[in-house]
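Next comes protein24.cif, a file with mmCIF, C-alpha atoms.
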```cif
data_data
#
loop_
_atom_site.label_atom_id
_atom_site.label_comp_id
_atom_site.auth_asym_id
_atom_site.auth_seq_id
_atom_site.Cartn_x
_atom_site.Cartn_y
_atom_site.Cartn_z
CA MET R 1 19.61 -23.85 4.83
CA VAL R 2 22.41 -22.12 2.86
CA PHE R 3 24.05 -25.49 2.36
CA TYR R 4 20.93 -26.87 0.69
CA TRP R 5 20.69 -23.82 -1.58
CA ILE R 6 24.27 -24.48 -2.72
CA LEU R 7 23.43 -28.15 -3.24
CA ALA R 8 20.33 -27.21 -5.24
CA ALA R 9 22.36 -24.80 -7.42
CA PHE R 10 24.90 -27.53 -8.14
CA THR R 11 22.11 -29.96 -9.05
CA LEU R 12 20.43 -27.41 -11.33
CA ILE R 13 23.66 -26.69 -13.23
CA SER R 14 24.40 -30.41 -13.44
CA THR R 15 20.90 -31.12 -14.78
CA ILE R 16 21.38 -28.63 -17.63
CA PHE R 17 24.80 -30.11 -18.43
CA TYR R 18 23.39 -33.65 -18.17
CA ALA R 19 20.66 -32.78 -20.70
CA TYR R 20 23.30 -31.38 -23.05
CA ILE R 21 25.34 -34.60 -22.76
CA MET R 22 22.29 -36.73 -23.58
CA ILE R 23 21.46 -34.57 -26.62
CA ILE R 24 25.03 -34.99 -27.88
CA ILE R 25 24.82 -38.78 -27.50
CA LEU R 26 21.48 -38.95 -29.32
CA LYS R 27 22.71 -36.63 -32.05
CA HIS R 28 25.77 -38.66 -33.08
CA SER R 29 25.15 -42.14 -34.45
CA GLU R 30 28.55 -43.52 -33.36
CA LEU R 31 27.52 -42.77 -29.77
CA ARG R 32 23.82 -43.52 -30.17
CA ASP R 33 24.54 -46.97 -31.61
CA THR R 34 26.66 -47.94 -28.60
CA ALA R 35 24.99 -49.80 -25.74
CA PHE R 36 27.10 -48.14 -23.05
CA TYR R 37 26.11 -44.63 -24.06
CA MET R 38 22.43 -45.43 -24.63
CA LEU R 39 22.20 -47.05 -21.20
CA ASN R 40 23.67 -43.84 -19.81
CA VAL R 41 21.02 -41.80 -21.64
CA ALA R 42 18.30 -43.96 -20.08
CA MET R 43 19.89 -43.65 -16.66
CA GLY R 44 20.28 -39.90 -17.22
CA ILE R 45 16.52 -39.50 -17.60
CA ALA R 46 16.05 -41.52 -14.40
CA ASP R 47 18.73 -39.47 -12.59
CA ILE R 48 17.11 -36.15 -13.46
CA GLY R 49 13.60 -37.37 -12.72
CA ASN R 50 14.67 -38.88 -9.41
CA ILE R 51 16.54 -35.92 -7.94
CA TRP R 52 13.93 -33.33 -8.94
CA SER R 53 11.16 -35.52 -7.54
CA VAL R 54 13.09 -35.46 -4.27
CA TYR R 55 13.36 -31.67 -4.40
CA MET R 56 9.75 -31.00 -5.41
CA PHE R 57 8.00 -33.35 -3.03
CA HIS R 58 10.38 -33.68 -0.11
CA ARG R 59 13.02 -31.02 0.42
CA ILE R 60 11.05 -27.97 -0.78
CA ARG R 61 7.82 -29.24 0.74
CA GLN R 62 9.48 -29.90 4.10
CA ALA R 63 11.27 -26.55 4.11
CA SER R 64 8.19 -24.36 3.68
CA SER R 65 4.68 -24.62 5.07
CA TYR R 66 3.59 -22.25 2.27
CA VAL R 67 4.46 -24.89 -0.33
CA ASN R 68 2.37 -27.40 1.62
CA SER R 69 -0.60 -25.02 1.51
CA VAL R 70 -0.20 -24.64 -2.25
CA TYR R 71 -0.14 -28.41 -2.70
CA LEU R 72 -3.30 -28.76 -0.61
CA LEU R 73 -5.14 -26.40 -2.97
CA PHE R 74 -5.24 -29.33 -5.40
CA GLY R 75 -6.69 -31.66 -2.79
CA THR R 76 -5.35 -34.45 -0.63
CA HIS R 77 -5.86 -36.94 -3.49
CA GLY R 78 -4.90 -36.51 -7.12
CA PRO R 79 -1.83 -36.12 -9.35
CA LEU R 80 0.42 -34.44 -6.77
CA PRO R 81 0.29 -37.24 -4.16
CA PHE R 82 0.70 -39.71 -7.03
CA MET R 83 3.84 -37.89 -8.15
CA CYS R 84 5.10 -37.71 -4.58
CA ILE R 85 4.89 -41.50 -4.08
CA GLU R 86 4.75 -43.31 -7.41
CA ARG R 87 6.69 -40.93 -9.65
CA MET R 88 9.57 -40.82 -7.21
CA ALA R 89 9.46 -44.61 -6.86
CA PHE R 90 9.53 -45.02 -10.65
CA PHE R 91 12.59 -42.85 -11.22
CA ASN R 92 14.39 -44.12 -8.13
CA LEU R 93 13.97 -47.76 -9.12
CA THR R 94 14.82 -47.29 -12.80
CA GLN R 95 17.96 -45.40 -11.79
CA LYS R 96 19.20 -48.35 -9.75
CA TYR R 97 18.32 -50.97 -12.38
CA PHE R 98 20.04 -49.03 -15.17
CA LEU R 99 23.17 -48.63 -13.08
CA LEU R 100 23.19 -52.40 -12.60
CA MET R 101 22.80 -52.91 -16.37
CA ILE R 102 25.70 -50.55 -17.07
CA GLY R 103 27.80 -52.64 -14.69
CA LEU R 104 26.80 -55.80 -16.59
CA ASN R 105 27.68 -54.05 -19.85
CA ARG R 106 31.19 -53.36 -18.56
CA PHE R 107 31.39 -56.95 -17.28
CA ALA R 108 30.66 -58.31 -20.75
CA ALA R 109 33.17 -55.91 -22.36
CA VAL R 110 36.03 -56.91 -20.04
CA VAL R 111 35.32 -60.51 -19.04
CA LEU R 112 33.51 -61.68 -22.20
CA PRO R 113 35.02 -59.52 -24.97
CA MET R 114 34.29 -62.04 -27.73
CA SER R 115 30.60 -62.18 -26.80
CA HIS R 116 30.13 -58.51 -25.89
CA LYS R 117 29.10 -57.29 -29.35
CA TRP R 118 26.35 -59.87 -29.91
CA ILE R 119 25.08 -59.64 -26.31
CA TRP R 120 24.83 -55.84 -26.29
CA THR R 121 23.41 -55.20 -29.75
CA LYS R 122 21.23 -52.16 -30.48
CA LYS R 123 18.13 -54.36 -30.40
CA ASN R 124 19.04 -56.06 -27.12
CA THR R 125 19.91 -52.72 -25.52
CA LEU R 126 16.54 -51.32 -26.55
CA TRP R 127 14.80 -54.36 -25.08
CA VAL R 128 16.68 -53.94 -21.78
CA ILE R 129 15.61 -50.28 -21.58
CA LEU R 130 11.99 -51.10 -22.46
CA ILE R 131 11.77 -54.03 -20.01
CA ILE R 132 13.15 -52.02 -17.08
CA THR R 133 10.93 -49.05 -17.90
CA GLY R 134 7.86 -51.22 -18.47
CA PHE R 135 8.38 -53.23 -15.29
CA ASN R 136 8.55 -50.09 -13.16
CA VAL R 137 5.57 -48.50 -14.93
CA VAL R 138 3.50 -51.58 -14.09
CA TYR R 139 4.80 -51.48 -10.51
CA VAL R 140 3.76 -47.87 -9.86
CA VAL R 141 0.39 -48.32 -11.61
CA VAL R 142 -0.40 -51.34 -9.42
CA LEU R 143 0.86 -49.39 -6.41
CA GLU R 144 -1.59 -46.57 -7.14
CA ILE R 145 -4.55 -48.82 -7.93
CA ALA R 146 -4.06 -50.98 -4.84
CA GLY R 147 -2.82 -48.29 -2.47
CA ARG R 148 -4.00 -44.86 -3.73
CA ALA R 149 -1.62 -42.08 -2.76
CA PHE R 150 -2.76 -39.09 -0.69
CA PHE R 151 -1.43 -36.18 1.36
CA GLN R 152 -1.77 -36.66 5.09
CA VAL R 153 -1.91 -33.43 7.13
CA LYS R 154 0.38 -34.11 10.07
CA ASN R 155 -0.03 -30.75 11.84
CA ASN R 156 -3.16 -28.67 11.26
CA THR R 157 -1.45 -25.49 12.49
CA GLU R 158 1.71 -25.72 10.37
CA ARG R 159 -0.07 -27.64 7.58
CA THR R 160 2.77 -30.19 7.46
CA LEU R 161 2.17 -32.86 4.83
CA GLN R 162 3.27 -36.45 4.48
CA CYS R 163 2.97 -38.59 1.36
CA ARG R 164 1.11 -41.79 2.20
CA LEU R 165 -0.78 -44.71 0.67
CA GLU R 166 -4.21 -45.65 1.97
CA ASN R 167 -3.02 -49.25 2.09
CA LEU R 168 -0.48 -49.06 4.93
CA SER R 169 0.93 -52.53 4.28
CA LEU R 170 1.63 -51.60 0.68
CA TYR R 171 3.13 -48.30 1.80
CA ASP R 172 5.53 -50.13 4.13
CA PHE R 173 6.43 -52.60 1.38
CA ASN R 174 7.20 -49.77 -1.06
CA LEU R 175 9.30 -47.98 1.54
CA GLN R 176 11.30 -51.13 2.25
CA TYR R 177 11.71 -51.81 -1.47
CA LEU R 178 13.08 -48.31 -2.06
CA SER R 179 15.37 -48.60 0.97
CA TYR R 180 16.82 -52.06 0.38
CA LEU R 181 17.08 -52.10 -3.42
CA PRO R 182 20.05 -49.65 -3.48
CA MET R 183 21.94 -51.91 -1.09
CA PHE R 184 21.18 -54.99 -3.18
CA VAL R 185 22.25 -53.26 -6.41
CA ALA R 186 25.34 -51.86 -4.69
CA LEU R 187 26.41 -55.30 -3.46
CA ALA R 188 25.70 -56.91 -6.84
CA THR R 189 27.61 -54.16 -8.65
CA CYS R 190 30.57 -54.47 -6.29
CA CYS R 191 30.71 -58.22 -6.95
CA ILE R 192 30.61 -57.54 -10.69
CA PHE R 193 33.39 -55.00 -10.41
CA GLY R 194 35.46 -57.34 -8.27
CA ILE R 195 35.52 -59.78 -11.21
CA ILE R 196 36.15 -56.95 -13.69
CA ILE R 197 39.10 -55.60 -11.70
CA TYR R 198 40.56 -59.10 -11.36
CA LYS R 199 40.30 -59.55 -15.12
CA LEU R 200 41.87 -56.15 -15.80
CA VAL R 201 44.80 -56.97 -13.52
CA GLU R 202 45.18 -60.31 -15.29
CA ASN R 203 45.08 -58.62 -18.70
CA ARG R 204 47.64 -56.04 -17.63
CA GLN R 205 50.21 -58.78 -17.08
CA LYS R 206 49.79 -59.76 -20.74
CA LEU R 207 50.41 -56.29 -22.15
CA LYS R 208 54.20 -56.52 -22.36
CA ASN R 209 54.11 -58.27 -25.72
CA ALA R 210 50.71 -56.99 -26.80
CA THR R 211 49.94 -54.93 -29.90
CA SER R 212 49.13 -51.22 -29.77
CA TYR R 213 45.50 -52.07 -30.45
CA ALA R 214 45.37 -54.36 -27.39
CA ARG R 215 47.01 -51.71 -25.21
CA THR R 216 44.53 -49.07 -26.31
CA THR R 217 41.60 -51.42 -25.73
CA TYR R 218 42.88 -52.12 -22.22
CA LYS R 219 43.05 -48.40 -21.44
CA ILE R 220 39.53 -47.93 -22.78
CA GLU R 221 38.04 -50.60 -20.55
CA LEU R 222 40.03 -49.44 -17.52
CA ARG R 223 38.77 -45.86 -17.81
CA LEU R 224 35.16 -46.85 -18.37
CA THR R 225 35.39 -49.26 -15.44
CA ILE R 226 36.66 -46.48 -13.16
CA CYS R 227 33.81 -44.25 -14.39
CA VAL R 228 31.08 -46.74 -13.44
CA PHE R 229 32.88 -47.93 -10.29
CA ILE R 230 32.80 -44.42 -8.78
CA HIS R 231 29.07 -44.39 -9.43
CA ALA R 232 28.79 -47.77 -7.70
CA LEU R 233 30.65 -46.50 -4.61
CA LEU R 234 28.19 -43.62 -4.30
CA LEU R 235 25.39 -46.15 -4.55
CA VAL R 236 26.89 -48.11 -1.64
CA VAL R 237 26.82 -44.99 0.56
CA ASP R 238 23.32 -44.09 -0.65
CA GLY R 239 22.04 -47.59 0.09
CA GLY R 240 23.70 -47.76 3.50
CA THR R 241 22.41 -44.40 4.70
CA SER R 242 18.92 -45.09 3.29
CA VAL R 243 18.67 -48.34 5.25
CA LEU R 244 19.88 -46.64 8.45
CA ILE R 245 17.36 -43.81 8.08
CA PHE R 246 14.56 -46.27 7.30
CA PHE R 247 15.44 -48.40 10.32
CA ALA R 248 15.61 -45.37 12.62
CA ASP R 249 12.25 -44.04 11.36
CA CYS R 250 10.61 -47.42 11.89
CA LEU R 251 11.85 -47.56 15.48
CA HIS R 252 10.68 -44.02 16.22
CA GLN R 253 7.20 -44.71 14.80
CA THR R 254 6.57 -48.24 16.09
CA CYS R 255 8.64 -48.25 19.25
CA PRO R 256 9.63 -44.79 20.51
CA GLY R 257 11.37 -46.21 23.56
CA CYS R 258 13.47 -48.75 21.68
CA SER R 259 17.20 -48.28 21.27
CA LEU R 260 18.68 -47.38 17.89
CA PRO R 261 21.49 -49.24 16.12
CA ALA R 262 24.97 -48.55 17.49
CA ILE R 263 25.88 -46.21 14.61
CA LEU R 264 22.79 -44.08 15.35
CA SER R 265 22.49 -44.41 19.10
CA HIS R 266 25.87 -42.89 19.95
CA THR R 267 24.52 -39.33 19.85
CA GLY R 268 20.83 -40.09 19.31
CA GLU R 269 18.78 -37.99 16.95
CA GLU R 270 21.73 -35.69 16.16
CA THR R 271 23.55 -38.55 14.45
CA THR R 272 20.37 -39.56 12.64
CA ILE R 273 20.13 -36.02 11.25
CA ARG R 274 23.77 -36.16 10.14
CA VAL R 275 23.17 -39.47 8.39
CA ALA R 276 20.17 -37.89 6.63
CA ILE R 277 22.35 -34.97 5.49
CA VAL R 278 24.96 -37.39 4.13
CA ASN R 279 22.17 -39.24 2.33
CA ASP R 280 20.93 -35.97 0.80
CA ILE R 281 24.42 -35.11 -0.45
CA VAL R 282 24.95 -38.58 -1.90
CA GLN R 283 21.55 -38.51 -3.62
CA ASP R 284 22.53 -35.30 -5.41
CA LEU R 285 25.98 -36.63 -6.32
CA LEU R 286 24.55 -39.96 -7.47
CA SER R 287 22.07 -38.23 -9.76
CA ALA R 288 24.42 -35.48 -10.97
CA CYS R 289 27.92 -37.00 -11.17
CA ASN R 290 27.46 -39.12 -14.30
CA PRO R 291 27.95 -36.39 -16.94
CA TYR R 292 31.18 -35.28 -15.28
CA LEU R 293 32.46 -38.85 -15.03
CA LEU R 294 31.65 -39.49 -18.70
CA ILE R 295 33.44 -36.32 -19.77
CA LEU R 296 36.43 -37.17 -17.59
CA PHE R 297 36.86 -40.78 -18.72
CA ALA R 298 35.26 -41.00 -22.19
CA SER R 299 37.35 -39.03 -24.69
CA GLN R 300 35.12 -39.98 -27.63
CA LEU R 301 32.18 -38.25 -25.95
CA ARG R 302 34.40 -35.43 -24.69
CA ARG R 303 35.43 -34.52 -28.25
CA LYS R 304 31.78 -34.34 -29.30
CA VAL R 305 30.76 -32.25 -26.29
CA PHE R 306 33.65 -29.78 -26.62
CA TRP R 307 33.56 -29.71 -30.42
CA PHE R 308 34.70 -26.08 -30.45
CA ILE R 309 38.10 -27.01 -28.98
CA THR R 310 40.78 -28.08 -31.44
CA THR R 311 41.60 -31.77 -31.04
CA SER R 312 44.29 -34.01 -32.43
CA ALA R 313 43.73 -36.26 -35.43
CA THR R 314 42.19 -39.69 -35.06
CA THR R 315 44.62 -42.19 -33.64
CA THR R 316 45.95 -44.67 -36.18
CA ILE R 317 46.44 -48.16 -34.85
CA THR R 318 48.83 -50.34 -36.81
CA ALA R 319 48.04 -53.99 -36.32
CA SER R 320 50.84 -55.31 -38.55
CA PRO R 321 53.46 -53.97 -41.05
CA ARG R 322 51.08 -54.64 -43.96
CA ARG R 323 47.79 -53.79 -42.34
CA SER R 324 46.69 -50.62 -40.59
CA ARG R 325 43.35 -49.16 -39.78
CA GLN R 326 41.76 -46.10 -38.25
CA MET R 327 40.32 -46.59 -34.81
CA THR R 328 38.03 -44.18 -33.04
CA ARG R 329 38.86 -44.11 -29.36
CA PHE R 330 35.99 -45.59 -27.38
CA TYR R 331 36.58 -44.15 -23.91
#
```

What does this structure look like when you write it as structure tokens?
Amino acid sequence: MVFYWILAAFTLISTIFYAYIMIIILKHSELRDTAFYMLNVAMGIADIGNIWSVYMFHRIRQASSYVNSVYLLFGTHGPLPFMCIERMAFFNLTQKYFLLMIGLNRFAAVVLPMSHKWIWTKKNTLWVILIITGFNVVYVVVLEIAGRAFFQVKNNTERTLQCRLENLSLYDFNLQYLSYLPMFVALATCCIFGIIIYKLVENRQKLKNATSYARTTYKIELRLTICVFIHALLLVVDGGTSVLIFFADCLHQTCPGCSLPAILSHTGEETTIRVAIVNDIVQDLLSACNPYLLILFASQLRRKVFWFITTSATTTITASPRRSRQMTRFY
């Protein structure tokens, strides 16, 4: 229990810092006009919404029967069950799709540098954000209309609640979608980053005779790639543990006597609980790590966030003896 309180405190502090980072990005036009940062703002909203949906309707609710009783005061049907199922699905899905888009943004910057600017324009970035958001809004609305969320009282004595849909087939589909999508996005992102890393290694071999501008650009892309790649690794763990937990739950519910997968059957339910704890930790890290990664690897944003700290002058990049220009570092 103490461990989860520490985890919750970390998430709360990270949420406040995350909100501050997003305000800084929206405040400064040089950041706001950049696709990479605006995609991170969109994902930030999804990150915060996702993790606090988990806390409100899963961890806190499961930890206290008193909370369950309070929720039941509003009825078994209504906005709270809707938020428990559909709101969490909305933020969870948008989080994964935006992470995939950020990976594609880095792919275009590294692999297709000549086309990157016209692919990821302000207008196109806005359309990507609106399409992902709109698609998931339609999904959860259809889910509610066709399935209708409600609280199921599992134990009348302890008043234990479960979030369910009246349409069980739709409930199972949604659960599988939420479980398998992280794995799909993780695999797709890893493939994208495999190509990016190959291209970065190839570009590094050409830096010996490159200009200072080319060297700086290489460092920019390398740092941003590392930033998003760490996020992708967390997504791999999140997806893997989610699938294992989903598979174990399905076996317990539909076939109590069936054997679990090898990774879960070694120590039975104890290992399943440990996998669930790992999944909880990764969910918090996945939703809270982005502001720290951006501050660590993006010096342009770091200077705006820590504006009260004295920084060095803008780097001057000299392209040729007769031509020089000021370049704002974009990492």

Among the residues R:Ala8, R:Ala35, R:Cys227, R:Ile281, the one that comes closest to R:Ala108 [using only C-alpha atoms]: R:Ala35

Please write the residues picked by the PyMOL selection byres ((chain R and resi 51-61) around 10) on this file as a PDB file with C-alpha atoms, keeping the file's coordinate frame.
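After the write, part_6.pdb holds the following:
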```pdb
ATOM      1  CA  TYR R   4      20.930 -26.870   0.690  1.00  0.00           C
ATOM      2  CA  ALA R   8      20.330 -27.210  -5.240  1.00  0.00           C
ATOM      3  CA  THR R  11      22.110 -29.960  -9.050  1.00  0.00           C
ATOM      4  CA  LEU R  12      20.430 -27.410 -11.330  1.00  0.00           C
ATOM      5  CA  THR R  15      20.900 -31.120 -14.780  1.00  0.00           C
ATOM      6  CA  ALA R  46      16.050 -41.520 -14.400  1.00  0.00           C
ATOM      7  CA  ASP R  47      18.730 -39.470 -12.590  1.00  0.00           C
ATOM      8  CA  ILE R  48      17.110 -36.150 -13.460  1.00  0.00           C
ATOM      9  CA  GLY R  49      13.600 -37.370 -12.720  1.00  0.00           C
ATOM     10  CA  ASN R  50      14.670 -38.880  -9.410  1.00  0.00           C
ATOM     11  CA  GLN R  62       9.480 -29.900   4.100  1.00  0.00           C
ATOM     12  CA  ALA R  63      11.270 -26.550   4.110  1.00  0.00           C
ATOM     13  CA  SER R  64       8.190 -24.360   3.680  1.00  0.00           C
ATOM     14  CA  SER R  65       4.680 -24.620   5.070  1.00  0.00           C
ATOM     15  CA  TYR R  66       3.590 -22.250   2.270  1.00  0.00           C
ATOM     16  CA  VAL R  67       4.460 -24.890  -0.330  1.00  0.00           C
ATOM     17  CA  ASN R  68       2.370 -27.400   1.620  1.00  0.00           C
ATOM     18  CA  SER R  69      -0.600 -25.020   1.510  1.00  0.00           C
ATOM     19  CA  VAL R  70      -0.200 -24.640  -2.250  1.00  0.00           C
ATOM     20  CA  TYR R  71      -0.140 -28.410  -2.700  1.00  0.00           C
ATOM     21  CA  LEU R  80       0.420 -34.440  -6.770  1.00  0.00           C
ATOM     22  CA  PRO R  81       0.290 -37.240  -4.160  1.00  0.00           C
ATOM     23  CA  MET R  83       3.840 -37.890  -8.150  1.00  0.00           C
ATOM     24  CA  CYS R  84       5.100 -37.710  -4.580  1.00  0.00           C
ATOM     25  CA  ILE R  85       4.890 -41.500  -4.080  1.00  0.00           C
ATOM     26  CA  ARG R  87       6.690 -40.930  -9.650  1.00  0.00           C
ATOM     27  CA  MET R  88       9.570 -40.820  -7.210  1.00  0.00           C
ATOM     28  CA  ALA R  89       9.460 -44.610  -6.860  1.00  0.00           C
ATOM     29  CA  PHE R  91      12.590 -42.850 -11.220  1.00  0.00           C
ATOM     30  CA  ASN R  92      14.390 -44.120  -8.130  1.00  0.00           C
ATOM     31  CA  THR R 160       2.770 -30.190   7.460  1.00  0.00           C
ATOM     32  CA  LEU R 161       2.170 -32.860   4.830  1.00  0.00           C
ATOM     33  CA  GLN R 162       3.270 -36.450   4.480  1.00  0.00           C
ATOM     34  CA  CYS R 163       2.970 -38.590   1.360  1.00  0.00           C
ATOM     35  CA  ASP R 280      20.930 -35.970   0.800  1.00  0.00           C
ATOM     36  CA  GLN R 283      21.550 -38.510  -3.620  1.00  0.00           C
ATOM     37  CA  ASP R 284      22.530 -35.300  -5.410  1.00  0.00           C
ATOM     38  CA  LEU R 285      25.980 -36.630  -6.320  1.00  0.00           C
ATOM     39  CA  LEU R 286      24.550 -39.960  -7.470  1.00  0.00           C
ATOM     40  CA  SER R 287      22.070 -38.230  -9.760  1.00  0.00           C
ATOM     41  CA  ALA R 288      24.420 -35.480 -10.970  1.00  0.00           C
TER      42      ALA R 288
END
```

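Reported to one decimal place, the separation of atom CA of R:His116 from atom CA of R:Ile226 is 18.7 Å.
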
Given the PyMOL selection byres ((chain R and resi 193) around 10), the residues it picks as a PyMOL selection string: chain R and resi 103-104+106-107+187-192+194-199+225-226+228-229+232

Record the distance separating atom CA of R:His28 and atom CA of R:Leu235, expressed in Å with one decimal. 29.5 Å

Provide the atom CA of R:Arg148 to atom CA of R:Leu93 distance in Å, to one decimal place.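 According to the coordinates, atom CA of R:Arg148 and atom CA of R:Leu93 are separated by 19.0 Å.
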
Where does stretch 80-124 of chain R meet stretch 201-205 of chain R within 12 Å, residue by residue, with the nearest atom pair and distance in Å to one decimal for each, counting all atoms listed in the file, listed by chain and rising number, as JSON lines?
```
{"residue": "R:Val110", "atom": "CA", "partner": "R:Asn203", "partner_atom": "CA", "distance": 9.3}
{"residue": "R:Val111", "atom": "CA", "partner": "R:Asn203", "partner_atom": "CA", "distance": 9.9}
{"residue": "R:Pro113", "atom": "CA", "partner": "R:Asn203", "partner_atom": "CA", "distance": 11.9}
```

With C-alpha atoms retained, export the selected residues as a compact mmCIF listing (two decimals), in the coordinates of the input.
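Result went into again.txt, see below:
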```txt
# COMPACT_ATOMS: atom_id res chain seq x y z
CA VAL R 110 36.03 -56.91 -20.04
CA VAL R 111 35.32 -60.51 -19.04
CA PRO R 113 35.02 -59.52 -24.97
```

Kindly provide, as a tab-separated table (two decimals) with C-alpha atoms, in the frame of the given file, the polymer residues lying within 6 Å of (34.9, -44.6, -19.5), counting all atoms listed in the file and using the coordinates exactly as they appear in the file.
```
chain	number	residue	atom	x	y	z
R	223	ARG	CA	38.77	-45.86	-17.81
R	224	LEU	CA	35.16	-46.85	-18.37
R	227	CYS	CA	33.81	-44.25	-14.39
R	297	PHE	CA	36.86	-40.78	-18.72
R	298	ALA	CA	35.26	-41.00	-22.19
R	331	TYR	CA	36.58	-44.15	-23.91
```

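For R:Asn167, the residues within 10 Å (counting all atoms listed in the file, excluding itself and residues fewer than 5 positions away along the chain) are Leu143, Glu144, Ala146, Gly147, Arg148, Ala149 and Asp172 of chain R.
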
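Minimum atom-to-atom distances from R:Ser299, R:Leu126, R:Met114, R:Glu86 to R:Asn174 were compared using only C-alpha atoms, and the lowest value belongs to R:Glu86.
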
Counting all atoms listed in the file, figure out which residue out of R:Phe306, R:Leu301, R:Ser169, R:Lys154 gets nearest to R:Met22. R:Leu301

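Between R:Ile13 and the residues R:Phe82, R:Tyr292, R:Trp307, R:Phe36, the shortest atom-to-atom distance, using all atoms listed in the file, involves R:Tyr292.
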